[in-house]
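This is model_11.cif (mmCIF, C-alpha atoms).
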```cif
data_upload
loop_
_atom_site.label_atom_id
_atom_site.label_comp_id
_atom_site.auth_asym_id
_atom_site.auth_seq_id
_atom_site.Cartn_x
_atom_site.Cartn_y
_atom_site.Cartn_z
CA MET G 997 -11.56 3.71 28.35
CA ILE G 998 -11.02 7.44 28.52
CA GLY G 999 -9.07 9.54 30.97
CA ARG G 1000 -7.72 13.08 30.93
CA LEU G 1001 -4.35 14.62 31.58
CA ALA G 1002 -4.72 18.15 32.95
CA ALA G 1003 -3.40 21.08 30.94
CA ALA G 1004 0.15 22.14 31.83
CA PRO G 1005 2.24 25.17 30.78
CA VAL G 1006 4.17 23.10 28.24
CA PHE G 1007 1.53 20.67 27.00
CA ALA G 1008 -2.04 19.48 27.37
CA ALA G 1009 -3.39 16.11 26.34
CA ALA G 1010 -6.25 13.68 26.66
CA ALA G 1011 -4.89 10.15 26.98
CA LEU G 1012 -6.37 6.74 26.34
CA ALA G 1013 -5.20 3.95 28.63
CA ALA G 1014 -6.52 0.42 28.98
CA GLY G 1015 -7.98 -0.24 32.38
CA CYS G 1016 -8.45 3.38 33.50
CA ALA G 1017 -11.70 4.68 34.88
CA VAL G 1018 -13.51 7.64 33.31
CA ALA G 1019 -12.19 10.70 35.15
CA ALA G 1020 -14.07 13.37 33.20
CA GLU G 1021 -15.87 13.57 29.91
CA PRO G 1022 -13.71 15.22 27.22
CA VAL G 1023 -15.00 18.66 26.26
CA VAL G 1024 -13.93 21.57 24.11
CA VAL G 1025 -14.32 25.16 25.16
CA TYR G 1026 -15.81 27.56 22.62
CA ASP G 1027 -15.75 31.35 23.04
CA VAL G 1028 -19.12 32.72 22.01
CA LYS G 1029 -18.92 35.40 19.31
CA ALA G 1030 -21.35 38.11 18.25
CA GLY G 1031 -24.36 36.63 16.47
CA ASP G 1032 -23.87 33.12 17.82
CA SER G 1033 -26.85 31.11 19.00
CA LEU G 1034 -27.07 27.56 20.24
CA TYR G 1035 -29.43 26.71 17.37
CA ALA G 1036 -26.97 28.02 14.77
CA LEU G 1037 -24.01 26.28 16.38
CA ALA G 1038 -25.93 23.00 16.58
CA GLY G 1039 -26.95 23.21 12.93
CA ARG G 1040 -23.40 23.78 11.74
CA TYR G 1041 -21.23 21.88 14.21
CA PHE G 1042 -23.25 19.33 16.22
CA ILE G 1043 -23.97 15.80 15.07
CA ARG G 1044 -27.68 16.22 15.86
CA LEU G 1045 -29.61 19.45 16.08
CA SER G 1046 -31.23 18.25 19.31
CA ASP G 1047 -27.80 18.11 21.01
CA TYR G 1048 -28.14 21.84 21.71
CA ARG G 1049 -30.38 20.97 24.68
CA GLU G 1050 -27.63 19.05 26.45
CA VAL G 1051 -25.15 21.89 25.86
CA GLN G 1052 -27.77 24.36 27.11
CA ARG G 1053 -28.26 22.43 30.36
CA ARG G 1054 -24.56 21.87 30.90
CA ASN G 1055 -23.74 25.59 30.57
CA HIS G 1056 -26.93 26.95 32.20
CA VAL G 1057 -27.83 28.95 29.10
CA ARG G 1058 -31.20 30.65 29.61
CA GLN G 1059 -31.71 31.99 26.11
CA PRO G 1060 -30.32 29.63 23.44
CA ARG G 1061 -31.08 32.17 20.70
CA ARG G 1062 -28.95 34.87 22.33
CA MET G 1063 -25.78 34.26 24.32
CA PRO G 1064 -23.41 36.83 25.79
CA VAL G 1065 -20.29 37.44 23.72
CA GLY G 1066 -17.23 35.89 25.39
CA LEU G 1067 -19.17 33.15 27.18
CA LYS G 1068 -16.99 30.06 27.43
CA LEU G 1069 -19.23 27.28 26.25
CA GLU G 1070 -18.25 23.74 27.28
CA VAL G 1071 -19.27 21.29 24.58
CA PRO G 1072 -18.78 17.49 24.96
CA THR G 1073 -16.62 16.24 22.12
CA ARG G 1074 -19.01 13.33 21.48
CA VAL G 1075 -21.69 15.69 20.11
CA LEU G 1076 -19.39 17.53 17.70
CA ARG G 1077 -19.12 16.93 14.00
CA THR G 1078 -15.68 16.08 12.62
CA GLU G 1079 -14.07 15.56 9.24
CA PRO G 1080 -11.14 13.32 8.24
CA VAL G 1081 -7.63 14.75 8.19
CA GLU G 1082 -5.42 13.72 5.32
CA ALA G 1083 -2.22 11.74 5.84
CA ARG G 1084 -0.09 10.12 3.20
CA LEU G 1085 2.69 7.61 2.88
CA GLY G 1086 5.92 9.55 2.41
CA ALA G 1087 9.30 8.05 1.66
CA PHE G 1088 9.55 4.29 2.02
CA ARG G 1089 11.99 1.52 1.18
CA GLY G 1090 11.85 -2.25 1.24
CA PRO G 1091 8.78 -4.38 1.95
CA VAL G 1092 6.02 -2.05 3.22
CA ASN G 1093 2.32 -2.93 3.45
CA VAL G 1094 -0.64 -0.60 4.02
CA SER G 1095 -3.74 -2.54 5.04
CA THR G 1096 -7.26 -1.13 4.93
CA ALA G 1097 -10.03 -3.25 6.47
CA GLY G 1098 -7.70 -6.25 6.29
CA ARG G 1099 -6.79 -5.74 2.64
CA ALA G 1100 -3.17 -4.93 1.87
CA ALA G 1101 -2.41 -2.25 -0.73
CA ALA G 1102 0.86 -1.93 -2.58
CA ALA G 1103 2.95 0.82 -1.00
CA SER G 1104 3.44 3.86 -3.20
CA ALA G 1105 4.68 7.36 -2.50
CA GLY G 1106 1.75 9.64 -1.69
CA LEU G 1107 -0.66 6.78 -0.90
CA LEU G 1108 -3.55 8.09 1.19
CA VAL G 1109 -3.49 6.74 4.76
CA ARG G 1110 -6.85 6.70 6.57
CA GLU G 1111 -8.21 5.99 10.02
CA GLY G 1112 -8.00 2.28 10.76
CA ASP G 1113 -5.17 1.64 8.29
CA LEU G 1114 -2.23 -0.48 9.42
CA VAL G 1115 1.24 0.36 8.11
CA ALA G 1116 3.77 -2.47 8.48
CA THR G 1117 7.45 -2.68 7.57
CA GLY G 1118 9.39 -5.85 6.90
CA ALA G 1119 13.06 -6.67 7.37
CA ASN G 1120 15.39 -3.75 6.63
CA ALA G 1121 12.45 -1.61 5.50
CA PHE G 1122 11.29 1.90 6.42
CA ALA G 1123 8.15 3.94 5.97
CA ARG G 1124 6.98 7.42 6.91
CA ILE G 1125 3.47 8.77 7.43
CA ASP G 1126 3.32 12.48 6.57
CA MET G 1127 0.68 14.94 7.80
CA PRO G 1128 -0.22 18.34 6.31
CA ASP G 1129 1.29 20.38 9.17
CA GLY G 1130 4.70 18.72 8.78
CA SER G 1131 4.26 16.21 11.60
CA ARG G 1132 5.30 12.67 10.73
CA VAL G 1133 5.63 9.14 12.07
CA ALA G 1134 8.59 7.05 10.92
CA LEU G 1135 8.51 3.26 11.10
CA PRO G 1136 11.85 1.44 11.21
CA SER G 1137 12.08 -2.17 10.12
CA GLN G 1138 9.84 -4.84 11.67
CA SER G 1139 7.26 -2.33 12.95
CA ARG G 1140 3.47 -2.07 12.82
CA VAL G 1141 1.61 1.19 13.44
CA ARG G 1142 -2.16 1.57 13.20
CA VAL G 1143 -3.79 4.91 12.46
CA GLU G 1144 -6.42 5.17 15.16
CA ARG G 1145 -7.70 8.71 14.67
CA LEU G 1146 -7.20 11.47 12.11
CA ARG G 1147 -9.96 14.01 12.72
CA ARG G 1148 -10.61 17.74 12.69
CA THR G 1149 -13.38 19.17 14.88
CA LEU G 1150 -15.41 21.61 12.78
CA LEU G 1151 -16.39 23.87 15.70
CA THR G 1152 -12.83 24.70 16.77
CA GLY G 1153 -10.65 23.48 13.91
CA ALA G 1154 -8.73 21.38 16.45
CA VAL G 1155 -6.98 18.33 15.03
CA ASP G 1156 -7.01 15.00 16.86
CA ARG G 1157 -4.41 12.43 15.82
CA ALA G 1158 -3.77 9.09 17.49
CA PHE G 1159 -1.54 6.20 16.47
CA VAL G 1160 -1.09 2.74 17.97
CA VAL G 1161 2.29 1.01 17.91
CA GLU G 1162 1.35 -2.67 17.73
CA ALA G 1163 4.94 -3.88 17.37
CA GLY G 1164 8.37 -2.38 16.89
CA ARG G 1165 8.79 1.39 16.95
CA GLY G 1166 6.98 4.54 15.93
CA GLU G 1167 9.19 7.64 15.81
CA SER G 1168 7.19 10.86 15.86
CA THR G 1169 8.25 14.38 15.00
CA VAL G 1170 5.39 16.69 15.92
CA THR G 1171 4.97 20.25 14.74
CA PRO G 1172 3.94 22.42 17.75
CA LEU G 1173 0.17 22.20 18.13
CA PRO G 1174 -1.44 25.65 17.77
CA THR G 1175 -4.32 25.34 20.28
CA PRO G 1176 -4.92 23.51 23.57
CA GLN G 1177 -7.63 21.45 21.87
CA ASP G 1178 -5.22 19.95 19.34
CA ARG G 1179 -4.07 16.48 20.29
CA TYR G 1180 -1.33 14.11 19.23
CA ILE G 1181 -0.93 10.79 21.05
CA VAL G 1182 0.82 7.50 20.45
CA ARG G 1183 -0.46 4.41 22.24
CA THR G 1184 0.77 0.91 22.81
CA PRO G 1185 -1.29 -1.83 24.47
CA MET G 1186 0.47 -0.78 27.69
CA SER G 1187 0.97 2.99 27.54
CA VAL G 1188 -0.04 6.35 26.10
CA SER G 1189 2.37 9.13 25.10
CA ALA G 1190 0.85 12.57 24.50
CA VAL G 1191 2.61 15.70 23.24
CA ARG G 1192 2.15 19.21 21.93
CA GLY G 1193 5.26 19.45 19.74
CA THR G 1194 8.37 17.39 20.08
CA GLU G 1195 10.38 14.44 18.80
CA PHE G 1196 9.91 11.14 20.59
CA HIS G 1197 10.01 7.40 20.01
CA VAL G 1198 7.53 4.80 21.23
CA ARG G 1199 8.41 1.11 21.27
CA TYR G 1200 6.32 -1.96 22.00
CA ASP G 1201 7.45 -5.59 22.19
CA PRO G 1202 4.38 -7.88 22.16
CA GLU G 1203 6.43 -10.98 23.01
CA ARG G 1204 7.97 -9.45 26.12
CA HIS G 1205 4.87 -7.34 26.82
CA SER G 1206 6.98 -4.25 27.39
CA ALA G 1207 6.79 -0.69 26.14
CA ALA G 1208 9.03 2.36 26.28
CA THR G 1209 9.00 6.03 25.36
CA GLU G 1210 12.18 7.96 24.58
CA VAL G 1211 12.11 11.76 24.27
CA VAL G 1212 14.61 13.51 22.01
CA SER G 1213 13.14 17.02 22.39
CA GLY G 1214 10.15 18.60 24.12
CA LEU G 1215 8.05 17.06 26.87
CA VAL G 1216 5.90 13.94 26.69
CA ALA G 1217 3.12 12.83 29.05
CA VAL G 1218 3.19 9.05 29.46
CA THR G 1219 0.29 7.18 31.05
CA ALA G 1220 0.18 3.48 31.85
CA ASP G 1221 -3.07 3.39 33.81
CA GLN G 1222 -5.14 5.56 36.12
CA ASP G 1223 -2.54 5.49 38.90
CA ARG G 1224 0.66 5.57 36.86
CA SER G 1225 1.73 8.55 34.78
CA ALA G 1226 4.86 10.62 34.28
CA SER G 1227 6.04 13.74 32.48
CA VAL G 1228 9.15 12.80 30.52
CA PRO G 1229 11.47 15.66 29.47
CA ALA G 1230 14.00 15.74 26.65
CA ALA G 1231 16.93 13.31 26.96
CA TYR G 1232 14.89 11.06 29.28
CA GLY G 1233 12.93 7.88 28.71
CA VAL G 1234 10.54 5.66 30.60
CA ALA G 1235 10.04 1.90 30.44
CA VAL G 1236 6.51 0.64 31.01
CA GLY G 1237 5.96 -2.76 32.59
CA ALA G 1238 2.83 -4.51 33.75
CA SER G 1239 3.25 -2.95 37.20
CA GLY G 1240 5.46 -0.55 39.11
CA ALA G 1241 5.85 3.21 39.08
CA LEU G 1242 6.95 5.10 35.98
CA HIS G 1243 10.40 6.57 36.63
CA PRO G 1244 11.88 8.78 33.91
CA THR G 1245 15.48 7.72 33.35
CA PRO G 1246 18.28 9.73 31.68
CA LEU G 1247 18.92 8.39 28.20
CA PRO G 1248 22.45 7.34 27.27
CA ALA G 1249 24.44 10.22 25.82
CA ALA G 1250 25.02 10.38 22.07
CA PRO G 1251 28.00 8.16 21.22
CA ALA G 1252 30.90 8.99 18.94
CA LEU G 1253 32.11 7.18 15.85
CA LEU G 1254 35.75 6.18 15.72
CA ARG G 1255 37.32 7.38 12.46
CA PRO G 1256 34.10 8.95 11.15
CA ASP G 1257 35.93 10.18 8.03
CA LYS G 1258 37.26 6.79 6.95
CA ALA G 1259 36.60 5.75 3.37
CA GLN G 1260 33.59 3.45 3.13
CA ASP G 1261 34.89 1.70 0.03
CA GLU G 1262 34.81 -1.99 0.95
CA PRO G 1263 31.89 -4.37 0.14
CA LYS G 1264 30.62 -3.98 3.71
CA VAL G 1265 30.03 -0.56 5.24
CA VAL G 1266 31.50 -0.78 8.74
CA PHE G 1267 31.12 1.75 11.56
CA ASP G 1268 33.15 1.50 14.76
CA VAL G 1269 31.53 3.20 17.74
CA ALA G 1270 33.45 4.38 20.79
CA PRO G 1271 32.49 1.78 23.44
CA VAL G 1272 30.04 2.93 26.11
CA ALA G 1273 29.94 1.38 29.58
CA GLU G 1274 26.79 -0.61 30.36
CA ALA G 1275 25.62 -0.43 26.73
CA ARG G 1276 23.38 -3.32 25.76
CA GLY G 1277 23.75 -2.59 22.08
CA TYR G 1278 24.45 -0.03 19.40
CA ARG G 1279 22.06 1.10 16.65
CA ILE G 1280 22.86 2.96 13.45
CA ARG G 1281 20.39 4.17 10.87
CA LEU G 1282 21.30 5.35 7.37
CA ALA G 1283 19.47 8.01 5.38
CA ALA G 1284 19.88 10.06 2.23
CA ASP G 1285 19.14 13.30 4.13
CA ALA G 1286 20.26 14.86 7.40
CA GLY G 1287 16.68 15.04 8.68
CA PHE G 1288 16.26 11.27 8.18
CA LEU G 1289 13.06 11.71 6.22
CA ASP G 1290 14.44 9.24 3.70
CA ALA G 1291 15.93 6.52 5.88
CA PHE G 1292 16.81 3.32 4.06
CA ALA G 1293 18.75 0.98 6.35
CA GLU G 1294 19.12 0.15 10.01
CA ALA G 1295 21.34 -2.27 11.92
CA THR G 1296 21.81 -3.14 15.57
CA ALA G 1297 24.78 -4.90 17.13
CA ASP G 1298 25.61 -6.15 20.61
CA GLY G 1299 29.16 -4.79 20.32
CA PRO G 1300 30.49 -1.41 19.18
CA GLN G 1301 30.87 -2.38 15.52
CA VAL G 1302 27.83 -2.08 13.25
CA VAL G 1303 27.92 -3.52 9.72
CA PHE G 1304 25.77 -2.89 6.64
CA GLU G 1305 25.72 -4.77 3.36
CA GLY G 1306 24.46 -3.77 -0.06
CA VAL G 1307 24.76 0.01 0.39
CA PRO G 1308 24.96 1.65 -3.05
CA ASP G 1309 27.36 4.48 -3.88
CA GLY G 1310 26.24 7.89 -2.67
CA ASP G 1311 26.47 10.61 -0.05
CA TYR G 1312 24.63 9.63 3.13
CA PHE G 1313 24.09 10.28 6.81
CA ALA G 1314 24.49 7.87 9.72
CA ARG G 1315 22.59 8.36 12.98
CA VAL G 1316 24.28 6.58 15.88
CA SER G 1317 22.73 5.75 19.25
CA VAL G 1318 23.29 3.45 22.22
CA ILE G 1319 20.79 0.99 23.66
CA GLY G 1320 21.15 1.29 27.42
CA PRO G 1321 19.60 -0.20 30.56
CA GLU G 1322 15.92 -1.13 30.29
CA ASP G 1323 16.51 -1.25 26.51
CA LEU G 1324 16.02 2.53 26.25
CA GLU G 1325 17.63 3.95 23.15
CA GLY G 1326 19.86 6.95 23.85
CA MET G 1327 20.28 10.35 22.26
CA PRO G 1328 21.41 10.22 18.62
CA ARG G 1329 24.40 11.73 16.89
CA THR G 1330 24.50 12.22 13.12
CA TYR G 1331 27.50 11.93 10.80
CA ALA G 1332 27.86 12.51 7.08
CA PHE G 1333 29.75 9.91 5.07
CA GLU G 1334 30.50 9.01 1.47
CA ARG G 1335 29.96 5.52 0.14
CA PHE G 1336 32.11 4.69 -2.88
CA LEU G 1337 32.76 1.03 -3.59
CA ASN G 1338 36.42 0.74 -4.53
CA THR G 1339 37.87 -2.68 -3.82
CA LEU G 1340 41.37 -3.85 -4.59
CA ASP G 1341 42.43 -7.45 -3.88
CA LEU G 1342 45.70 -9.19 -4.66
CA SER G 1343 45.83 -12.76 -5.91
CA PRO G 1344 48.63 -15.11 -4.83
CA MET G 1345 51.73 -14.73 -6.96
CA ALA G 1346 52.08 -17.49 -9.62
CA THR G 1347 55.29 -18.79 -11.17
CA SER G 1348 56.08 -20.46 -14.46
CA LYS G 1349 59.19 -21.31 -16.45
CA ARG G 1350 59.96 -20.81 -20.13
CA GLY G 1351 63.26 -22.36 -21.01
CA ARG G 1352 65.77 -21.05 -18.50
CA GLU G 1353 63.63 -17.98 -17.79
CA ARG G 1354 61.64 -17.94 -14.52
CA ARG G 1355 58.44 -15.85 -14.79
CA TYR G 1356 56.48 -14.36 -11.87
CA LEU G 1357 52.86 -13.39 -12.54
CA PHE G 1358 51.21 -10.83 -10.26
CA ARG G 1359 47.43 -10.38 -10.59
CA TRP G 1360 44.79 -8.31 -8.83
CA THR G 1361 41.10 -7.52 -9.04
CA ALA G 1362 39.27 -4.22 -8.57
CA GLY G 1363 35.60 -3.44 -8.05
CA GLY G 1364 33.41 -0.36 -8.21
CA ASN G 1365 32.53 2.32 -10.72
CA GLY G 1366 34.90 4.66 -12.52
CA GLU G 1367 37.87 4.48 -14.87
CA ARG G 1368 41.03 2.98 -13.36
CA THR G 1369 44.74 2.77 -13.90
CA TYR G 1370 47.17 0.91 -11.65
CA ARG G 1371 50.61 1.27 -10.15
CA TYR G 1372 52.60 -1.84 -9.29
CA GLN G 1373 55.47 -1.85 -6.81
CA LEU G 1374 57.84 -4.69 -5.95
CA SER G 1375 60.43 -4.25 -3.20
CA ARG G 1376 62.98 -6.28 -1.33
CA ASP G 1377 61.58 -6.90 2.14
CA GLY G 1378 62.83 -4.05 4.33
CA ALA G 1379 64.17 -1.96 1.44
CA ALA G 1380 62.99 1.62 0.99
CA THR G 1381 63.40 1.76 -2.80
CA PRO G 1382 61.25 -0.53 -5.03
CA VAL G 1383 62.89 -2.98 -7.38
CA VAL G 1384 60.02 -2.43 -9.83
CA ASP G 1385 57.72 0.61 -9.88
CA GLU G 1386 55.34 0.67 -12.83
CA ALA G 1387 52.56 3.31 -13.04
CA GLY G 1388 49.80 3.91 -15.58
CA LEU G 1389 48.98 0.23 -16.08
CA SER G 1390 45.59 -0.51 -17.65
CA GLU G 1391 45.71 -4.29 -17.18
CA THR G 1392 45.16 -6.04 -13.84
CA GLN G 1393 48.32 -8.11 -14.07
CA ILE G 1394 52.05 -7.79 -14.67
CA THR G 1395 54.84 -10.32 -15.24
CA VAL G 1396 58.34 -9.96 -13.81
CA THR G 1397 61.21 -12.28 -14.78
CA ASP G 1398 64.39 -13.60 -13.23
CA LEU G 1399 64.18 -12.29 -9.70
CA PRO G 1400 67.16 -13.26 -7.53
CA PRO G 1401 66.53 -15.26 -4.35
CA GLY G 1402 65.25 -13.39 -1.31
CA ALA G 1403 62.19 -12.05 0.49
CA TYR G 1404 59.93 -9.66 -1.41
CA VAL G 1405 56.93 -7.43 -0.85
CA TRP G 1406 54.53 -6.29 -3.53
CA ARG G 1407 51.50 -4.03 -3.60
CA VAL G 1408 49.24 -2.24 -6.09
CA MET G 1409 47.63 1.16 -6.15
CA SER G 1410 44.44 1.82 -8.10
CA ARG G 1411 43.78 5.34 -9.35
CA THR G 1412 40.07 5.80 -10.05
CA PHE G 1413 38.59 8.80 -11.78
CA ALA G 1414 35.08 9.34 -10.43
CA LYS G 1415 32.92 12.27 -9.28
CA GLY G 1416 35.27 14.66 -11.04
CA ARG G 1417 38.36 13.67 -9.07
CA HIS G 1418 41.03 11.00 -8.74
CA ILE G 1419 40.77 8.54 -5.84
CA ASP G 1420 43.91 6.60 -4.94
CA LYS G 1421 43.86 3.36 -2.98
CA TRP G 1422 46.74 1.08 -2.04
CA SER G 1423 46.24 -2.62 -1.47
CA PRO G 1424 47.62 -4.29 1.65
CA PRO G 1425 51.14 -5.60 0.88
CA GLN G 1426 51.72 -9.25 0.08
CA THR G 1427 55.00 -11.04 0.80
CA PHE G 1428 56.67 -14.02 -0.86
CA GLN G 1429 60.03 -15.81 -0.77
CA ILE G 1430 62.23 -16.95 -3.64
CA GLY G 1431 64.67 -19.74 -2.76
CA ARG G 1432 67.94 -20.66 -4.37
#
```

Could you express the structure from this file as C-alpha cells?
Amino acid sequence: MIGRLAAAPVFAAAALAAGCAVAAEPVVVYDVKAGDSLYALAGRYFIRLSDYREVQRRNHVRQPRRMPVGLKLEVPTRVLRTEPVEARLGAFRGPVNVSTAGRAAAASAGLLVREGDLVATGANAFARIDMPDGSRVALPSQSRVRVERLRRTLLTGAVDRAFVVEAGRGESTVTPLPTPQDRYIVRTPMSVSAVRGTEFHVRYDPERHSAATEVVSGLVAVTADQDRSASVPAAYGVAVGASGALHPTPLPAAPALLRPDKAQDEPKVVFDVAPVAEARGYRIRLAADAGFLDAFAEATADGPQVVFEGVPDGDYFARVSVIGPEDLEGMPRTYAFERFLNTLDLSPMATSKRGRERRYLFRWTAGGNGERTYRYQLSRDGAATPVVDEAGLSETQITVTDLPPGAYVWRVMSRTFAKGRHIDKWSPPQTFQIGR
C-alpha cells in the first residue's frame, strides 16, 4: 500500500510500506507555462486523453484551453505517462545471476537490468547495478535485490527508482536528486529507506525476519509502517523488528588495522583489527579501487582477525568495519595494501654419511612470481657471526660437511626481483643439535 513522507529541507520521499493505510494520493506539481493547455498536456503526457477532466476538477480549472502562467497544477501520478530508465550490470565477480521473468541470464558486464529483474550473488561474489546519473547499488555475497521500479515521468522528467532487498544487503550510493519529484527508495519486506542523495546500506535477513538501515553519509527516511518512521542521519543506523519504535543508534566508529603496512606475502591474506569493545564481529571487503566499485572479496569474523584465501597478486584496498549491537555495521575505514605472494619455507635438515665425511643437507621451498636468488646463513646458537654465509645461490638447497658438535641455527633469505625492484624476505630460523 502507499503512504507519503512529507517534504523536508534535506530530503523528500514517497515510501511504500506493507500494512500502511493510504494517507494521500501521490501527485506531481507542474508549473503551467505560456501556451500550455490541459488538452495539450493530456495528449503529450497523460496515459489517456480523457484524464484531463480529472485534473481539471482537482485543480478547479475553468478554461482547460487556457490556463494562467505559473499555476501550480497537481496531477496524480497514476495518470501520467512514463518511460523506462536504463540500468546496467557494472563490475561483478563470482557467481552472479540476473533473472528476468524467472529466467536466469548469464551475468556480463553492461547487461541491461530492467524492472522486475532479480540480481543475486552467490558465495564470495559481488555485483553492481549502475544507473546513468552515477547512482549505484552494490550487492555483496549471498544477496538478492529486485529492481522494482525504474521509470521517468515524461511531464516533469522526474526519475523514480525503487529496489527491494529480498535477502542479504544492498549498498546504495545515490547521486543528489535534482528535483523534489525524483525518488530513490530501497525496501525490504519490513521497511522502506528513502533518500535524496547519500550512501547507505539496507540489510534483510528472511530467516530472522529482521531488517536494518545504516547511513554512511546524508540523511535517510526509514519507514516500517504507518505509525513507525525515523529520520536517520549519517553515522547512525536503525534496526527494524516486527514491533517497537524505530530508534536511530550511533554506528560503531571506524576501526583501525594493526600493522596496516605489513607485507601480505603469505598464502593467506590476514588482517588484524584493533579490538573494539562490544563488537559482535568484524567485516573486511577487498576491492581493486578506492571507491569500491570493483569489489571482489568479503569476509566476516567473530574475532578481530579476518582471513582471505586465493587473493591474486596486485595493489588493492581493504575496507574495514565493525558489526556492533543489533547487528548494525559501523562506519568503514579504507586502507591500501599490496598483495605479493612470496613464500619461503625451510625443510627439516637431513644428514647422510659418505665414508668418514658427515654431510648436512639444508633445503627450502619458495613460492610466488619473480626471479629469485638465495642467501644461506648457519650460525652457532647465540653467536653473532655466522659459521657459513653464502649469498647469490640459485638452487634451493646447500650441503655443509663436518660440523663439530653443538647447537646451531640456520635461516635463508630470498631476494626476488619483481615490479622493478628487489624484495628481500628472511625465513624464520630453524635450530638443530649435533651430538658427539

Do a neighbour search on Asp1178 in chain G at 7 Å with only C-alpha atoms, toss out local chain neighbours closer than 6 positions, and write the hits as a short mmCIF file (atom, residue, chain, number, x, y, z; two decimals) with C-alpha atoms, keeping the file's coordinate frame.
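This went into out-v8.cif:
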```
data_model
loop_
_atom_site.label_atom_id
_atom_site.label_comp_id
_atom_site.auth_asym_id
_atom_site.auth_seq_id
_atom_site.Cartn_x
_atom_site.Cartn_y
_atom_site.Cartn_z
CA ALA G 1154 -8.73 21.38 16.45
CA VAL G 1155 -6.98 18.33 15.03
CA ASP G 1156 -7.01 15.00 16.86
#
```

Problem - Proximity to Pro1244 in chain G - best of G:Asp1311, G:Glu1144, G:Glu1322, G:Glu1167, all atoms listed in the file - result: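 Of G:Asp1311, G:Glu1144, G:Glu1322, G:Glu1167, the one nearest Pro1244 in chain G, counting all atoms listed in the file, is G:Glu1322.
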
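Within 9 Å of the point (31.2, 0.5, 9.3) in file coordinates, and counting only C-alpha atoms, lie the residues Gln1260, Lys1264, Val1265, Val1266, Phe1267, Asp1268, Val1269, Gln1301, Val1302, Val1303 and Phe1304 of chain G.
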
Edge lengths and centre in Å, axis-aligned, range 1346-1359 of chain G plus 5 Å each side, as lines of an AutoDock Vina configuration file:
```
center_x = 56.6
center_y = -16.4
center_z = -15.3
size_x = 28.3
size_y = 22.0
size_z = 21.4
```

Practice task
Name the residues, using the chain letters and numbers of the file, that sit within 9 Å of (6.7, 9.0, 14.0) when counting only C-alpha atoms, and give them as a ChimeraX atom specification.
Solution key: /G:1124-1126,1131-1135,1165-1170,1182,1195-1198

Completion exercise
Using only C-alpha atoms, the residue out of G:Thr1369, G:Ser1375, G:Ser1423, G:Ser1348 with shortest distance to Thr1395 in chain G is G:Ser1348

Fill in the blank from the handout: Using all atoms listed in the file, the best pick from G:Leu1342, G:Val1383, G:Leu1399, G:Met1186 as closest to Pro1425 in chain G would be G:Leu1342

Exercise for the section: Expand the PyMOL selection byres ((chain G and resi 1355-1362) around 9) into the individual residues it matches in the shown file, reporting them as a ChimeraX atom specification. Expected result: /G:1338-1350,1353-1354,1363-1364,1368,1392-1399,1406,1408,1410

Handout entry: Selection near Gly1277 in chain G, 8 Å with all atoms listed in the file, sequence-local residues under 5 positions removed, as number ranges by chain
Key = G: 1296-1300, 1318-1320

Handout entry: Residue IDs satisfying the PyMOL selection byres ((chain G and resi 1149) around 12), as an NGL selection string
Key = :G and (1023-1026 or 1040-1043 or 1071-1081 or 1145-1148 or 1150-1157 or 1177-1179)

Exercise for the section: Report as a PyMOL selection string the full result of the PyMOL selection byres ((chain G and resi 1056-1068) around 12) when it is applied to this structure. Expected result: chain G and resi 1023-1038+1048-1055+1069-1071

Handout entry: Exercise: range 1098-1109 of chain G partners within 6 Å, all atoms listed in the file, chain neighbours under 3 positions left out, as a count of residues only
Key = 8

Practice task
Give the answer as one residue: which of G:Thr1175, G:Leu1289, G:Ser1046, G:Thr1412 has the shortest atom-to-atom distance to Arg1089 in chain G, using all atoms listed in the file?
Solution key: G:Leu1289

Problem - Nearest to Val1216 in chain G by atom-to-atom distance, counting all atoms listed in the file, from G:Pro1185, G:Asp1290, G:Glu1203, G:Tyr1180 - result: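 Result for the nearest residue to Val1216 in chain G: G:Tyr1180.
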
Exercise for the section: Report the distance between CA of Tyr1370 in chain G and CA of His1418 in chain G in Å, rounded to one decimal place. Expected result: 12.2 Å

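Nearest residue to Ala1226 in chain G among G:Ser1239, G:Gln1429, G:Thr1096, G:Thr1209 is G:Thr1209, counting all atoms listed in the file.
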